[in-house]
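**Student:** Encoded as structure tokens, here's the structure I'll be asking about.
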Amino acid sequence: MGIRSICLRCIGDEPARALAATRATLVKCQYCKGRRRGVGVHELSEIIDDAVRTYYGFGGYELKFDSDNDSTYEEPQGDRLHDVLESELEVPYEAAVDLALELMENDPADVADGEEVFYSDTQSYSRIDLPEGEYGERWEEFSTRVTHERRFFDEGARELLEGILGAPKSEQAHALPVMEIGPECRIKAIYRARRADGRKAAEQIMTDPRALERPPKELAIPGRMNAGGIPVFYGAIAEKVALAEVRPSVGSFVITGKFSVRRRLRVLDLSRIDHVFTGSIFHTDYEGRASRLRFLEGFHHLIARPVQPHEETLEYIPTQAVAEYVHNVLGFDGILYGSAQTGGVAAPESGDRPYVELRELTDEELQLFNIVLFGDAGSSVAANDTSGLAFEPAATDSHRVTKVSFDYEWTPVGPGAEHPDLPF
Ligand SMILES: [Zn+2]
């Protein structure tokens, strides 16, 4: 075991590879058989030991409810050690198994003395929840500040957003996940729906389907991502989601309209914000990223949540401020975000953070997302050459809702029950 080596090329995770590179010599790689710069597997286990111990804990159990016999049971959470190593380091499976063995053999815990070993092949592991860090609690602070104290961008609020999303042209802003939509992109068209109270109202919209466009500025009421008087386009990637977003009841009418995207638009892709922000546990700024992620999760969750009837326009101010920064300061045309109506976005978790595989959304998953477009990008006024959208009258459809489905989860309440932050 001790003599096995792995080359730098077989370590896919960049920060981990950079750490290994500082101790690399010419080796014969056990896994790709190449002769190039690399390290011993034992050495690599020493290099990664600290980060794995710091950012991983035992998987634990989640309480589940078995409806067949009305009882609760514990379901183990987390992954086996070698699976964790394989995905964190992006190394070949065999290398991950060898590394796991190295870590287990060299675990300094004195079992005879009653100490518990950290590395074991019978344990399961999950990334641990980090302390809130610099930005973790600042969503609340930020909200209070812009809502009740200074309104919009005073120096402090702006600095905070700069710290999280980056200043224009900064490395941080550059690292934000971008999706391009428009001609020759995955998303070529978006949908918008309107609810009609009864057949008559539906007929009226059908005769003047331009009512599906975003409102003119005189009629623009404040929303999650726009102040009153500033119209933005709220749409969905799929017709069905657009329909669900207006939350129709059974028997009501909904008219849906299609808008093709006329030019390339750059949108901030919140569907990938978690992957990009936390990234590798071997990155020197991992904790900083995790902390910024907390803030953005708070933002994402809030904008994905359906508007509540009791909500006052004051509650929109923090999300409006972030949207304004994304559009006016960073120059994005819009934001892609989850739809709570279709389960597209989960509430921020307070427990263990599962490892998220770094990948693009599948087409099917992408269908669950919503989009907001700012400025000219969200306009479909035909005379305006810079408008980002074109309304397609022929694709307008009327629907009568025949059934509404919903999901629910078992949630204990009352004395003794835990009270996680529920999304609604
Ligand atoms: Zn290799």
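Here, A, B, ... name the chains of the structure tokens in the order displayed, residue numbers run from 1 inside each chain, and ligands are numbered from 1 in the same displayed order.
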Residues up to 10 Å from ligand 1, counting only C-alpha atoms and all ligand atoms: could you list those as a PyMOL selection string?
**Tutor:** chain A and resi 5-11+27-38+91-92+95
**Student:** For stretch 259-276 of chain A, work out the shell of residues within 9 Å, counting only C-alpha atoms and skipping chain neighbours fewer than 6 positions away, then give it as JSON, numbers by chain.
**Tutor:** {"A": [175, 176, 177, 178, 179, 180, 181, 182, 183, 184, 185, 187, 188, 189, 190, 191, 192, 213, 289, 290, 293, 296, 297, 300, 326, 331, 332, 333, 334, 335, 336, 337, 338, 344, 345, 356, 357, 358, 359, 360, 361, 366, 369, 371, 372, 373, 377, 380, 386, 387, 388, 389, 390, 391, 392, 393, 395]}
**Student:** Using only C-alpha atoms, determine which residues lie at most 12 Å from stretch 279-286 of chain A, disregarding the query and same-chain residues fewer than 3 positions distant; provide the list as a ChimeraX atom specification.
**Tutor:** /A:12-20,47-56,84-85,87-90,127-128,130,133,172,175,272-276,289-293,355-359
**Student:** Distance atom CA of A:Glu365-atom CA of A:Gly223, one decimal place?
**Tutor:**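 One can read the atom CA of A:Glu365 to atom CA of A:Gly223 distance as 25.4 Å.
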**Student:** Rounded to one decimal place, report the atom CA of A:Gly378-atom CA of A:Ala244 distance in Å.
**Tutor:** 20.7 Å
**Student:** Identify, on the basis of only C-alpha atoms, every residue whose closest approach to A:Asp98 does not exceed 8 Å; exclude the query and any residue fewer than 3 positions from it along the same chain; express the result as JSON, numbers by chain.
**Tutor:** {"A": [1, 41, 94, 95, 101, 102]}
**Student:** For C-alpha atoms, I'd like the residues from the last selection saved as a compact mmCIF listing (two decimals), in the first residue's frame.
**Tutor:**
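As written to disk, again_0.txt reads:
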```txt
# COMPACT_ATOMS: atom_id res chain seq x y z
CA MET A 1 0.00 0.00 0.00
CA VAL A 41 -1.17 7.65 -1.84
CA GLU A 94 -9.68 2.36 -6.93
CA ALA A 95 -7.65 5.35 -5.76
CA LEU A 101 -7.57 2.34 3.63
CA GLU A 102 -4.60 4.66 4.23
```
**Student:** Would you compute the distance between atom CA of A:Val246 and atom CA of A:Tyr234? Give it in Å to one decimal.
**Tutor:**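 These atoms are spaced 11.1 Å apart.
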**Student:** Please identify which residues in stretch 44-76 of chain A DSSP calls alpha helix (DSSP H) from the backbone, and express them as a CSV table (one decimal) with N, CA and C atoms, in the first residue's frame.
**Tutor:**
```
chain,number,residue,atom,x,y,z
A,44,LEU,N,-0.8,11.7,0.0
A,44,LEU,CA,-2.1,12.4,-0.4
A,44,LEU,C,-3.0,12.3,0.8
A,45,SER,N,-3.0,11.1,1.5
A,45,SER,CA,-3.9,11.0,2.6
A,45,SER,C,-3.6,12.0,3.7
A,46,GLU,N,-2.3,12.2,3.9
A,46,GLU,CA,-1.8,13.2,4.9
A,46,GLU,C,-2.3,14.6,4.4
A,47,ILE,N,-2.2,14.9,3.1
A,47,ILE,CA,-2.6,16.2,2.6
A,47,ILE,C,-4.1,16.5,2.8
A,48,ILE,N,-4.9,15.5,2.6
A,48,ILE,CA,-6.4,15.8,2.7
A,48,ILE,C,-7.0,15.6,4.1
A,49,ASP,N,-6.3,14.9,4.9
A,49,ASP,CA,-6.8,14.5,6.2
A,49,ASP,C,-7.5,15.6,7.0
A,50,ASP,N,-6.8,16.8,7.0
A,50,ASP,CA,-7.3,17.9,7.8
A,50,ASP,C,-8.6,18.4,7.3
A,51,ALA,N,-8.7,18.6,6.0
A,51,ALA,CA,-10.0,19.2,5.4
A,51,ALA,C,-11.1,18.2,5.6
A,52,VAL,N,-10.8,16.9,5.4
A,52,VAL,CA,-11.9,15.9,5.6
A,52,VAL,C,-12.4,15.9,7.0
A,53,ARG,N,-11.5,15.9,8.0
A,53,ARG,CA,-11.9,15.9,9.4
A,53,ARG,C,-12.7,17.2,9.8
A,54,THR,N,-12.2,18.3,9.2
A,54,THR,CA,-12.9,19.6,9.5
A,54,THR,C,-14.2,19.7,8.9
A,55,TYR,N,-14.4,19.2,7.7
A,55,TYR,CA,-15.7,19.5,7.0
A,55,TYR,C,-16.6,18.3,6.9
```
**Student:** For A:Tyr135, which of A:Gly288, A:Pro306, A:Pro216, A:Gly114 is the closest residue, counting only C-alpha atoms?
**Tutor:**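 Closest candidate: A:Gly288.
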**Student:** With a distance cut-off of 12 Å and only C-alpha atoms, select the neighbouring residues of A:Val146, excluding the residue or stretch itself and same-chain residues fewer than 5 positions from it, and output the selection as a ChimeraX atom specification.
**Tutor:** /A:138-141,151-158,160-161,314-322
**Student:** Atoms to include: C-alpha atoms. Write the selected residues as a CSV table (one decimal), in the first residue's frame.
**Tutor:**
```csv
chain,number,residue,atom,x,y,z
A,138,ARG,CA,-26.5,38.9,7.4
A,139,TRP,CA,-29.5,38.3,5.3
A,140,GLU,CA,-31.7,39.2,8.3
A,141,GLU,CA,-29.4,42.1,9.1
A,151,ARG,CA,-33.9,52.1,2.1
A,152,PHE,CA,-31.9,50.7,-0.7
A,153,PHE,CA,-28.2,51.2,-1.2
A,154,ASP,CA,-26.4,52.9,1.5
A,155,GLU,CA,-22.7,52.2,1.6
A,156,GLY,CA,-23.1,49.3,4.0
A,157,ALA,CA,-25.7,47.4,2.0
A,158,ARG,CA,-23.8,47.9,-1.1
A,160,LEU,CA,-22.3,43.6,1.7
A,161,LEU,CA,-23.7,42.7,-1.7
A,314,LEU,CA,-42.3,46.4,2.5
A,315,GLU,CA,-41.3,42.7,2.5
A,316,TYR,CA,-40.2,43.0,-1.1
A,317,ILE,CA,-37.5,45.6,-0.4
A,318,PRO,CA,-34.5,43.3,0.4
A,319,THR,CA,-35.1,41.1,-2.6
A,320,GLN,CA,-35.7,44.1,-4.8
A,321,ALA,CA,-32.3,45.5,-3.6
A,322,VAL,CA,-30.5,42.3,-4.6
```
